[in-house]
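Asker: What follows is the file entry.txt, containing compact mmCIF, C-alpha atoms:
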# COMPACT_ATOMS: atom_id res chain seq x y z
CA MET A 1 -29.70 -26.40 14.10
CA ASP A 2 -33.10 -27.42 15.39
CA SER A 3 -33.44 -30.58 17.39
CA THR A 4 -35.89 -33.27 16.40
CA ASN A 5 -39.53 -32.37 16.70
CA GLU A 6 -40.79 -35.07 19.05
CA ASN A 7 -44.43 -34.23 18.27
CA SER A 8 -44.08 -34.66 14.56
CA THR A 9 -47.15 -36.03 12.87
CA CYS A 10 -45.11 -37.30 9.98
CA ALA A 11 -46.30 -40.72 8.84
CA VAL A 12 -42.80 -42.18 8.39
CA PRO A 13 -40.14 -42.67 11.02
CA PRO A 14 -37.67 -39.78 11.42
CA LEU A 15 -34.59 -39.93 9.23
CA ILE A 16 -31.06 -39.75 10.50
CA LEU A 17 -28.99 -37.69 8.05
CA VAL A 18 -25.46 -36.35 8.06
CA ILE A 19 -25.72 -32.62 7.51
CA ASN A 20 -22.49 -30.71 6.95
CA GLY A 21 -20.66 -33.56 8.63
CA HIS A 22 -22.91 -33.83 11.68
CA PRO A 23 -25.60 -36.48 12.28
CA LEU A 24 -29.08 -35.08 12.77
CA THR A 25 -32.51 -36.66 13.17
CA VAL A 26 -35.11 -34.89 11.06
CA SER A 27 -38.73 -35.24 10.05
CA ALA A 28 -38.26 -33.65 6.62
CA LEU A 29 -38.79 -35.92 3.63
CA THR A 30 -37.40 -33.65 0.93
CA LEU A 31 -34.35 -31.44 0.66
CA ALA A 32 -36.53 -28.31 0.51
CA ASP A 33 -38.31 -29.33 3.72
CA LEU A 34 -34.95 -30.06 5.34
CA LEU A 35 -33.75 -26.51 4.70
CA SER A 36 -36.88 -25.12 6.32
CA GLU A 37 -36.73 -27.51 9.25
CA THR A 38 -33.09 -26.80 10.01
CA GLY A 39 -33.48 -23.05 9.81
CA TYR A 40 -31.82 -22.22 6.51
CA GLY A 41 -35.12 -20.97 5.13
CA ASP A 42 -34.44 -18.75 2.14
CA ALA A 43 -30.73 -18.27 2.93
CA LYS A 44 -28.37 -18.06 -0.03
CA VAL A 45 -27.06 -21.61 0.00
CA ALA A 46 -26.14 -24.34 -2.42
CA THR A 47 -26.93 -27.97 -1.72
CA ALA A 48 -25.49 -31.37 -2.47
CA ARG A 49 -26.77 -34.85 -1.62
CA ASN A 50 -24.33 -37.74 -1.33
CA GLY A 51 -21.69 -35.78 -3.21
CA ASP A 52 -23.90 -34.68 -6.08
CA PHE A 53 -25.07 -31.11 -6.63
CA VAL A 54 -28.81 -30.57 -6.19
CA PRO A 55 -30.02 -27.38 -7.92
CA GLU A 56 -32.46 -25.18 -6.05
CA ARG A 57 -35.27 -26.03 -8.48
CA LEU A 58 -34.93 -29.75 -7.66
CA ARG A 59 -34.87 -29.46 -3.86
CA ALA A 60 -38.62 -29.90 -3.45
CA SER A 61 -38.61 -33.09 -5.49
CA THR A 62 -35.42 -34.50 -3.98
CA LYS A 63 -36.53 -37.15 -1.52
CA LEU A 64 -34.33 -37.93 1.45
CA VAL A 65 -33.24 -41.39 2.52
CA ASP A 66 -31.89 -42.52 5.86
CA GLY A 67 -28.13 -41.94 5.98
CA ASP A 68 -28.02 -39.31 3.24
CA ARG A 69 -25.03 -36.98 3.43
CA ILE A 70 -26.19 -33.43 2.82
CA GLU A 71 -23.95 -30.44 2.22
CA ILE A 72 -25.40 -26.95 2.68
CA LEU A 73 -22.85 -24.31 1.65
CA SER A 74 -22.78 -20.52 1.83
CA PRO A 75 -20.58 -17.79 0.33
CA ARG A 76 -17.31 -17.33 2.15
CA GLN A 77 -14.02 -15.53 1.75
CA GLY A 78 -11.58 -17.39 -0.47
CA GLY A 79 -8.12 -17.20 -1.97
CA MET B 1 2.74 -6.27 -29.58
CA PRO B 2 2.06 -5.35 -25.95
CA ASP B 3 -1.48 -5.93 -24.83
CA GLU B 4 -3.09 -3.10 -22.94
CA PHE B 5 -5.59 -5.35 -21.24
CA LEU B 6 -5.67 -8.63 -19.42
CA THR B 7 -8.20 -10.65 -21.40
CA ALA B 8 -9.78 -13.72 -19.83
CA TYR B 9 -12.43 -15.67 -21.74
CA GLY B 10 -12.99 -12.67 -23.96
CA VAL B 11 -13.49 -10.20 -21.11
CA PRO B 12 -10.95 -7.33 -20.91
CA PHE B 13 -9.64 -6.00 -17.60
CA THR B 14 -7.37 -3.02 -17.04
CA SER B 15 -6.03 -4.41 -13.75
CA ARG B 16 -3.61 -7.32 -13.80
CA LEU B 17 -4.03 -8.07 -10.10
CA LEU B 18 -6.48 -10.77 -9.01
CA MET B 19 -7.15 -10.69 -5.27
CA GLY B 20 -8.19 -13.29 -2.76
CA THR B 21 -10.68 -12.16 -0.11
CA ALA B 22 -9.66 -14.40 2.81
CA LEU B 23 -7.67 -13.77 6.00
CA TYR B 24 -8.56 -10.09 6.36
CA THR B 25 -9.05 -8.75 9.87
CA SER B 26 -12.40 -7.22 8.98
CA PRO B 27 -14.78 -6.74 6.05
CA GLU B 28 -13.88 -3.05 6.05
CA VAL B 29 -10.16 -3.74 5.62
CA LEU B 30 -10.96 -6.19 2.82
CA SER B 31 -13.12 -3.62 1.07
CA GLN B 32 -10.51 -0.87 1.44
CA SER B 33 -7.79 -3.20 0.15
CA VAL B 34 -9.71 -4.21 -2.96
CA LYS B 35 -10.36 -0.57 -3.74
CA ALA B 36 -6.73 0.41 -3.13
CA SER B 37 -5.50 -2.41 -5.37
CA GLY B 38 -7.68 -1.45 -8.31
CA SER B 39 -8.33 -5.19 -8.70
CA GLN B 40 -11.30 -6.08 -10.88
CA ILE B 41 -11.41 -9.81 -10.14
CA VAL B 42 -11.66 -11.30 -6.64
CA THR B 43 -11.82 -14.91 -5.54
CA VAL B 44 -14.45 -16.29 -3.19
CA SER B 45 -15.41 -19.72 -1.88
CA LEU B 46 -18.24 -21.84 -0.50
CA ARG B 47 -18.16 -23.26 2.99
CA ARG B 48 -20.42 -24.91 5.50
CA GLU B 49 -22.31 -22.44 7.65
CA ALA B 50 -24.59 -22.90 10.62
CA ALA B 51 -28.25 -22.17 9.95
CA ARG B 52 -29.31 -18.61 10.68
CA ALA B 53 -25.68 -17.44 10.86
CA LYS B 54 -26.12 -15.19 7.79
CA THR B 55 -22.40 -14.40 7.65
CA GLY B 56 -22.25 -15.77 4.13
CA GLN B 57 -25.07 -13.51 3.06
CA ARG B 58 -23.36 -10.45 4.54
CA PHE B 59 -20.06 -11.34 2.88
CA TRP B 60 -21.78 -11.77 -0.47
CA GLU B 61 -23.45 -8.37 -0.14
CA LEU B 62 -20.08 -6.79 0.63
CA ILE B 63 -18.53 -8.31 -2.48
CA ARG B 64 -21.42 -7.28 -4.69
CA ALA B 65 -21.11 -3.72 -3.42
CA LEU B 66 -17.51 -3.65 -4.67
CA GLY B 67 -18.73 -4.09 -8.24
CA VAL B 68 -15.94 -6.49 -9.21
CA THR B 69 -15.96 -9.73 -11.16
CA VAL B 70 -16.24 -12.75 -8.88
CA LEU B 71 -14.12 -15.85 -9.38
CA PRO B 72 -15.32 -18.66 -7.08
CA ASN B 73 -12.78 -21.31 -6.15
CA THR B 74 -12.88 -24.99 -5.31
CA ALA B 75 -10.31 -24.63 -2.53
CA GLY B 76 -9.80 -27.69 -0.37
CA CYS B 77 -11.19 -30.19 -2.86
CA ARG B 78 -9.13 -33.41 -3.02
CA THR B 79 -10.74 -35.15 -5.95
CA ALA B 80 -12.09 -34.21 -9.35
CA LYS B 81 -15.55 -35.23 -8.17
CA GLU B 82 -15.44 -32.91 -5.14
CA ALA B 83 -14.22 -30.04 -7.30
CA ILE B 84 -16.92 -30.62 -9.93
CA THR B 85 -19.70 -30.66 -7.33
CA THR B 86 -18.30 -27.56 -5.62
CA ALA B 87 -18.08 -25.74 -8.95
CA GLU B 88 -21.70 -26.60 -9.73
CA MET B 89 -22.76 -25.30 -6.32
CA ALA B 90 -20.71 -22.13 -6.80
CA ARG B 91 -22.26 -21.45 -10.20
CA GLU B 92 -25.72 -21.41 -8.65
CA VAL B 93 -24.85 -19.32 -5.59
CA PHE B 94 -22.60 -16.76 -7.27
CA GLY B 95 -24.38 -16.69 -10.61
CA THR B 96 -21.22 -17.11 -12.69
CA ASP B 97 -19.74 -19.87 -14.80
CA TRP B 98 -16.21 -18.74 -13.97
CA ILE B 99 -14.39 -21.11 -11.63
CA LYS B 100 -10.90 -21.12 -10.16
CA LEU B 101 -10.33 -24.85 -10.24
CA GLU B 102 -8.26 -26.30 -7.43
CA VAL B 103 -7.75 -30.01 -6.90
CA ILE B 104 -5.28 -30.35 -4.05
CA ALA B 105 -2.76 -33.19 -3.85
CA ASN B 106 -1.54 -32.93 -0.25
CA ASP B 107 -1.75 -30.80 2.89
CA ASP B 108 1.90 -29.83 3.26
CA THR B 109 2.41 -28.22 -0.12
CA LEU B 110 -1.19 -27.68 -1.24
CA GLN B 111 0.18 -28.46 -4.67
CA PRO B 112 -2.24 -29.22 -7.49
CA ASP B 113 -3.19 -32.82 -8.25
CA LEU B 114 -2.62 -32.49 -11.97
CA PHE B 115 -4.42 -35.71 -12.85
CA GLY B 116 -7.58 -34.74 -10.99
CA LEU B 117 -7.24 -31.20 -12.29
CA VAL B 118 -7.24 -32.26 -15.93
CA GLU B 119 -10.18 -34.60 -15.34
CA ALA B 120 -12.25 -31.91 -13.60
CA ALA B 121 -11.28 -29.23 -16.14
CA GLY B 122 -12.54 -31.36 -19.01
CA HIS B 123 -15.81 -32.16 -17.29
CA LEU B 124 -16.48 -28.57 -16.27
CA SER B 125 -15.50 -27.08 -19.65
CA ARG B 126 -17.90 -29.43 -21.41
CA ASP B 127 -20.56 -28.27 -18.96
CA GLY B 128 -20.06 -24.64 -19.94
CA PHE B 129 -17.72 -23.48 -17.19
CA LYS B 130 -14.90 -20.99 -17.84
CA VAL B 131 -12.14 -22.77 -16.00
CA PHE B 132 -9.13 -21.03 -14.41
CA PRO B 133 -7.00 -24.01 -13.34
CA TYR B 134 -4.52 -23.69 -10.46
CA THR B 135 -1.68 -25.74 -11.89
CA THR B 136 2.09 -26.03 -11.93
CA GLU B 137 4.58 -25.02 -14.62
CA ASP B 138 4.42 -28.56 -16.04
CA LEU B 139 4.07 -28.17 -19.81
CA GLY B 140 2.47 -31.57 -20.35
CA ALA B 141 -0.28 -30.82 -17.87
CA ALA B 142 -0.70 -27.38 -19.43
CA GLU B 143 -1.22 -28.94 -22.86
CA ARG B 144 -3.85 -31.26 -21.41
CA LEU B 145 -5.64 -28.38 -19.68
CA LEU B 146 -5.77 -26.38 -22.90
CA ALA B 147 -7.03 -29.42 -24.79
CA ALA B 148 -9.67 -29.85 -22.08
CA GLY B 149 -11.01 -26.39 -22.87
CA CYS B 150 -9.16 -24.04 -20.51
CA GLU B 151 -8.37 -20.64 -22.04
CA VAL B 152 -6.35 -19.40 -19.04
CA LEU B 153 -3.64 -21.19 -17.06
CA MET B 154 -2.61 -20.32 -13.51
CA PRO B 155 0.71 -21.90 -12.50
CA TRP B 156 1.89 -21.53 -8.92
CA GLY B 157 4.78 -19.32 -7.93
CA ALA B 158 5.27 -21.22 -4.66
CA PRO B 159 3.03 -23.16 -2.27
CA ILE B 160 -0.17 -21.34 -1.26
CA GLY B 161 0.41 -19.00 1.66
CA SER B 162 4.18 -19.52 1.73
CA GLY B 163 5.13 -16.08 0.43
CA ARG B 164 8.27 -17.52 -1.13
CA GLY B 165 7.83 -15.84 -4.49
CA LEU B 166 8.78 -17.53 -7.74
CA ASN B 167 10.34 -20.88 -6.83
CA ASN B 168 11.04 -21.80 -10.43
CA PRO B 169 11.59 -18.73 -12.60
CA TYR B 170 13.15 -20.87 -15.32
CA GLY B 171 10.07 -23.11 -15.47
CA LEU B 172 7.73 -20.14 -15.49
CA LYS B 173 9.74 -18.43 -18.21
CA THR B 174 9.70 -21.60 -20.28
CA MET B 175 5.94 -21.86 -19.85
CA ARG B 176 5.51 -18.24 -20.93
CA ASN B 177 7.59 -18.81 -24.06
CA TYR B 178 5.89 -22.12 -24.82
CA PHE B 179 2.38 -20.64 -24.74
CA PRO B 180 2.82 -17.11 -26.10
CA GLY B 181 -0.87 -16.58 -26.82
CA VAL B 182 -2.40 -18.06 -23.67
CA PRO B 183 -3.30 -15.76 -20.76
CA LEU B 184 -1.06 -16.90 -17.90
CA VAL B 185 -1.53 -15.92 -14.27
CA VAL B 186 0.94 -16.65 -11.48
CA ASP B 187 -1.28 -17.89 -8.67
CA ALA B 188 -0.06 -18.54 -5.14
CA GLY B 189 3.19 -18.06 -3.28
CA ILE B 190 3.62 -14.36 -3.97
CA GLY B 191 4.88 -12.69 -0.79
CA ALA B 192 6.17 -9.27 -1.84
CA PRO B 193 5.54 -6.72 -4.57
CA SER B 194 8.98 -7.55 -5.99
CA HIS B 195 7.80 -11.13 -6.58
CA ALA B 196 4.78 -9.84 -8.47
CA ALA B 197 6.97 -7.49 -10.51
CA ALA B 198 9.25 -10.41 -11.36
CA ALA B 199 6.28 -12.43 -12.62
CA MET B 200 5.18 -9.54 -14.78
CA GLU B 201 8.71 -9.02 -16.11
CA LEU B 202 8.62 -12.65 -17.29
CA GLY B 203 5.64 -11.70 -19.40
CA TYR B 204 2.89 -13.15 -17.25
CA ASP B 205 -0.46 -11.56 -17.89
CA ALA B 206 -1.51 -11.21 -14.26
CA VAL B 207 -0.87 -12.25 -10.67
CA LEU B 208 -3.33 -13.75 -8.19
CA LEU B 209 -2.53 -13.31 -4.51
CA ASN B 210 -4.21 -13.17 -1.14
CA THR B 211 -2.09 -13.64 1.96
CA ALA B 212 0.59 -11.09 1.05
CA ILE B 213 -1.96 -8.30 1.22
CA ALA B 214 -4.29 -9.67 3.89
CA LYS B 215 -1.46 -10.36 6.35
CA ALA B 216 0.42 -7.11 5.73
CA GLY B 217 0.69 -4.60 8.57
CA ASP B 218 -1.35 -2.15 6.50
CA PRO B 219 -3.31 -4.17 3.92
CA PRO B 220 -4.73 -1.29 1.83
CA ARG B 221 -1.28 0.26 1.53
CA MET B 222 0.22 -3.10 0.56
CA ALA B 223 -2.54 -3.55 -2.01
CA SER B 224 -1.52 -0.25 -3.54
CA ALA B 225 2.15 -1.31 -3.46
CA PHE B 226 1.29 -4.50 -5.34
CA ALA B 227 -0.66 -2.53 -7.94
CA ASP B 228 2.38 -0.28 -8.48
CA ALA B 229 4.76 -3.24 -8.72
CA ILE B 230 2.54 -5.03 -11.22
CA ARG B 231 2.27 -1.93 -13.40
CA ALA B 232 6.06 -1.48 -13.22
CA GLY B 233 6.74 -5.11 -14.07
CA ARG B 234 4.33 -5.09 -16.97
CA SER B 235 5.80 -1.85 -18.33
CA ALA B 236 9.28 -3.35 -18.06
CA TYR B 237 8.18 -6.43 -20.00
CA GLU B 238 6.59 -4.33 -22.71
CA ALA B 239 9.65 -2.06 -22.85
CA GLY B 240 11.90 -5.06 -23.42
CA LEU B 241 14.45 -6.06 -20.79
CA MET B 242 18.15 -6.17 -21.59
CA GLU B 243 19.82 -9.53 -22.02
CA MET B 244 21.57 -10.80 -18.92
CA ARG B 245 25.36 -11.32 -19.19
CA ASP B 246 27.74 -13.48 -17.24
CA MET B 247 30.54 -10.91 -17.13
CA ALA B 248 30.78 -7.17 -16.57
CA ALA B 249 30.53 -4.75 -19.48
CA PRO B 250 31.41 -1.10 -18.83
CA SER B 251 28.60 1.33 -19.34
CA THR B 252 30.82 4.42 -19.42
CA PRO B 253 32.64 4.69 -22.77
CA VAL B 254 36.06 3.05 -22.80
CA ALA B 255 37.33 5.37 -25.54
CA GLY B 256 38.99 8.39 -23.96
CA THR B 257 39.47 6.78 -20.58
CA PRO B 258 42.20 8.80 -18.75
CA PHE B 259 45.42 6.97 -17.97
CA PHE B 260 44.15 4.12 -20.21
CA ASP B 261 47.58 3.72 -21.83
CA LEU B 262 49.21 3.19 -18.45
CA GLY B 263 47.16 0.02 -17.89
CA GLY B 264 47.11 0.68 -14.15
CA SER B 265 50.85 0.08 -13.90
CA GLN B 266 52.05 3.44 -12.61
Output the file's structure as structure tokens, nothing else.

Answerer:
Amino acid sequence: MDSTNENSTCAVPPLILVINGHPLTVSALTLADLLSETGYGDAKVATARNGDFVPERLRASTKLVDGDRIEILSPRQGG
Amino acid sequence: MPDEFLTAYGVPFTSRLLMGTALYTSPEVLSQSVKASGSQIVTVSLRREAARAKTGQRFWELIRALGVTVLPNTAGCRTAKEAITTAEMAREVFGTDWIKLEVIANDDTLQPDLFGLVEAAGHLSRDGFKVFPYTTEDLGAAERLLAAGCEVLMPWGAPIGSGRGLNNPYGLKTMRNYFPGVPLVVDAGIGAPSHAAAAMELGYDAVLLNTAIAKAGDPPRMASAFADAIRAGRSAYEAGLMEMRDMAAPSTPVAGTPFFDLGGSQ
């Protein structure tokens, strides 16, 4: 994942989130921005915030808060 | 009346083998094994993946190329809430409302948490999911799952990945007899084609397995062996098995037996 952008012009302080179990400092303010910032882009993923599913259509309007736990999941083999 | 097809949520399938897609040595071997098995339903999962890894995307493209029905699972979930969220995520990614519902009780046995399972099954069914619950042969739990909206039940044969076969044939037979009209699938614990045949001989509608094929020396060949065993077991069930006896009964006619009058006393 990308490291924090030190030159961010974002008006609010960076957020510290837990993404897929790992803490990460980000400048994104929404879930959609977070996917772009961390390099998921248009990858085929599903997202959850603090244990609740966030549909793709709601990512842009889902605001992030310091300490949010974000899951970003992809297709995988399964039994 | 024997049923030619496995029917799940109104969809007919000619194959009675559901296959897991994990633990294969390569995507090619997985693909060859699915084709050799004739399976029309395969299970998949969702997992964390590093950004830009794209392995999930490649796996998904491989599965789509197989042209089979996809059954996402909630493997590893420990609570109803985790399973519900995972199912919702799977529905969006895989574009299906089918879900193999697993709520796991503990690490050693990977046995279902029946309480969480019933709770999640009710929630998901109300939300439009077609739930395939990984359960046990417990009849009370089965009743609750059916009442919650499940139209298929998937009791375990043995703990996931153990390859021990049918640990409780009596319980599975009872479940079959208790729910004659419900599609029942033995899920987990199958280690050999003979185990799968035994499940089919009990009248189960299908078998779901993964490790027994993936970890075979020659997975595509084992997939084919399982397909043969499942067909044989199903045919045997439809043909009607003889009643088991406690004592011997001669098959060759007794009448006309030579030396019969001597009673073995010469």

Asker: Could you give me, as CSV, every chain B residue with an atom at most 8 Å from chain A, plus its closest atom pair and distance in Å to one decimal, counting only C-alpha atoms, rows ordered by chain then number?

Answerer:
residue,atom,partner,partner_atom,distance
B:Met19,CA,A:Gly79,CA,7.4
B:Gly20,CA,A:Gly79,CA,4.0
B:Thr21,CA,A:Gln77,CA,5.1
B:Ala22,CA,A:Gln77,CA,4.6
B:Leu23,CA,A:Gln77,CA,7.8
B:Thr43,CA,A:Gly79,CA,5.6
B:Val44,CA,A:Gly78,CA,4.1
B:Ser45,CA,A:Gly78,CA,4.7
B:Leu46,CA,A:Pro75,CA,4.8
B:Arg47,CA,A:Leu73,CA,5.0
B:Arg48,CA,A:Leu73,CA,4.6
B:Glu49,CA,A:Ser74,CA,6.1
B:Ala50,CA,A:Met1,CA,7.1
B:Ala51,CA,A:Tyr40,CA,5.0
B:Arg52,CA,A:Tyr40,CA,6.1
B:Lys54,CA,A:Ala43,CA,7.4
B:Gly56,CA,A:Pro75,CA,4.6
B:Gln57,CA,A:Lys44,CA,6.4
B:Phe59,CA,A:Arg76,CA,6.6
B:Trp60,CA,A:Pro75,CA,6.2
B:Pro72,CA,A:Gly78,CA,7.7
B:Asn73,CA,A:Gly78,CA,7.0
B:Ala75,CA,A:Gly78,CA,7.6
B:Lys81,CA,A:Gly51,CA,7.9
B:Glu82,CA,A:Gly51,CA,7.1
B:Thr85,CA,A:Phe53,CA,5.4
B:Thr86,CA,A:Phe53,CA,7.7
B:Glu88,CA,A:Phe53,CA,6.4
B:Met89,CA,A:Ala46,CA,5.2
B:Ala90,CA,A:Ala46,CA,7.3
B:Glu92,CA,A:Ala46,CA,6.9
B:Val93,CA,A:Ala46,CA,6.1
B:Phe94,CA,A:Pro75,CA,7.9
B:Leu209,CA,A:Gly79,CA,7.3
B:Asn210,CA,A:Gly79,CA,5.7

Asker: Mind pulling up the distance from atom CA of Arg221 of chain B to atom CA of Ala36 of chain B?

Answerer: 7.2 Å

Asker: What is the distance, in Å and to one decimal place, between atom CA of Pro220 of chain B and atom CA of Val185 of chain B?

Answerer: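 Straight-line distance from atom CA of Pro220 of chain B to atom CA of Val185 of chain B works out to 22.0 Å.
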
Asker: Rounded to one decimal, what separation in Å do you get between atom CA of Thr14 of chain B and atom CA of Arg126 of chain B?

Answerer: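 Atom-to-atom, atom CA of Thr14 of chain B to atom CA of Arg126 of chain B, that is 28.8 Å.
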
Asker: Smallest atom-to-atom distance to Ala206 of chain B: which of B:Ala147, B:Ala142, B:Ala236, B:Leu17, using all atoms listed in the file?

Answerer: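 Of the candidates, the smallest distance to Ala206 of chain B is held by B:Leu17.
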
Asker: Residues near Gly189 of chain B, anyone? I mean within 7 Å using all atoms listed in the file, not counting same-chain ones fewer than 3 positions away, as a PDB file with C-alpha atoms, keeping the file's coordinate frame.

Answerer:
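Output file part30.pdb follows:
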ATOM      1  CA  TRP B 156       1.890 -21.530  -8.920  1.00  0.00           C
ATOM      2  CA  GLY B 157       4.780 -19.320  -7.930  1.00  0.00           C
ATOM      3  CA  ALA B 158       5.270 -21.220  -4.660  1.00  0.00           C
ATOM      4  CA  PRO B 159       3.030 -23.160  -2.270  1.00  0.00           C
ATOM      5  CA  ILE B 160      -0.170 -21.340  -1.260  1.00  0.00           C
ATOM      6  CA  GLY B 161       0.410 -19.000   1.660  1.00  0.00           C
ATOM      7  CA  SER B 162       4.180 -19.520   1.730  1.00  0.00           C
ATOM      8  CA  GLY B 163       5.130 -16.080   0.430  1.00  0.00           C
ATOM      9  CA  ARG B 164       8.270 -17.520  -1.130  1.00  0.00           C
ATOM     10  CA  GLY B 165       7.830 -15.840  -4.490  1.00  0.00           C
TER      11      GLY B 165
END

Asker: Kindly indicate which residue among A:Arg57, A:Leu31, A:Pro14, A:Glu37 lies nearest to Arg69 of chain A, using all atoms listed in the file for the distances.

Answerer: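 Counting all atoms listed in the file, the residue closest to Arg69 of chain A is A:Leu31.
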
Asker: Near Thr69 of chain B, within 10 Å and counting only C-alpha atoms, which residues show up once chain neighbours fewer than 5 positions away are dropped, as a short mmCIF file (atom, residue, chain, number, x, y, z; two decimals) with C-alpha atoms, in the coordinates of the input?

Answerer:
data_model
loop_
_atom_site.label_atom_id
_atom_site.label_comp_id
_atom_site.auth_asym_id
_atom_site.auth_seq_id
_atom_site.Cartn_x
_atom_site.Cartn_y
_atom_site.Cartn_z
CA PHE B 13 -9.64 -6.00 -17.60
CA LEU B 18 -6.48 -10.77 -9.01
CA SER B 39 -8.33 -5.19 -8.70
CA GLN B 40 -11.30 -6.08 -10.88
CA ILE B 41 -11.41 -9.81 -10.14
CA VAL B 42 -11.66 -11.30 -6.64
CA THR B 43 -11.82 -14.91 -5.54
CA ILE B 63 -18.53 -8.31 -2.48
CA ARG B 64 -21.42 -7.28 -4.69
CA THR B 96 -21.22 -17.11 -12.69
CA TRP B 98 -16.21 -18.74 -13.97
#

Asker: From the set B:Phe129, B:Phe5, B:Phe259, B:Phe179, which residue has the shortest atom-to-atom contact distance to Ile84 of chain B, counting all atoms listed in the file?

Answerer: B:Phe129
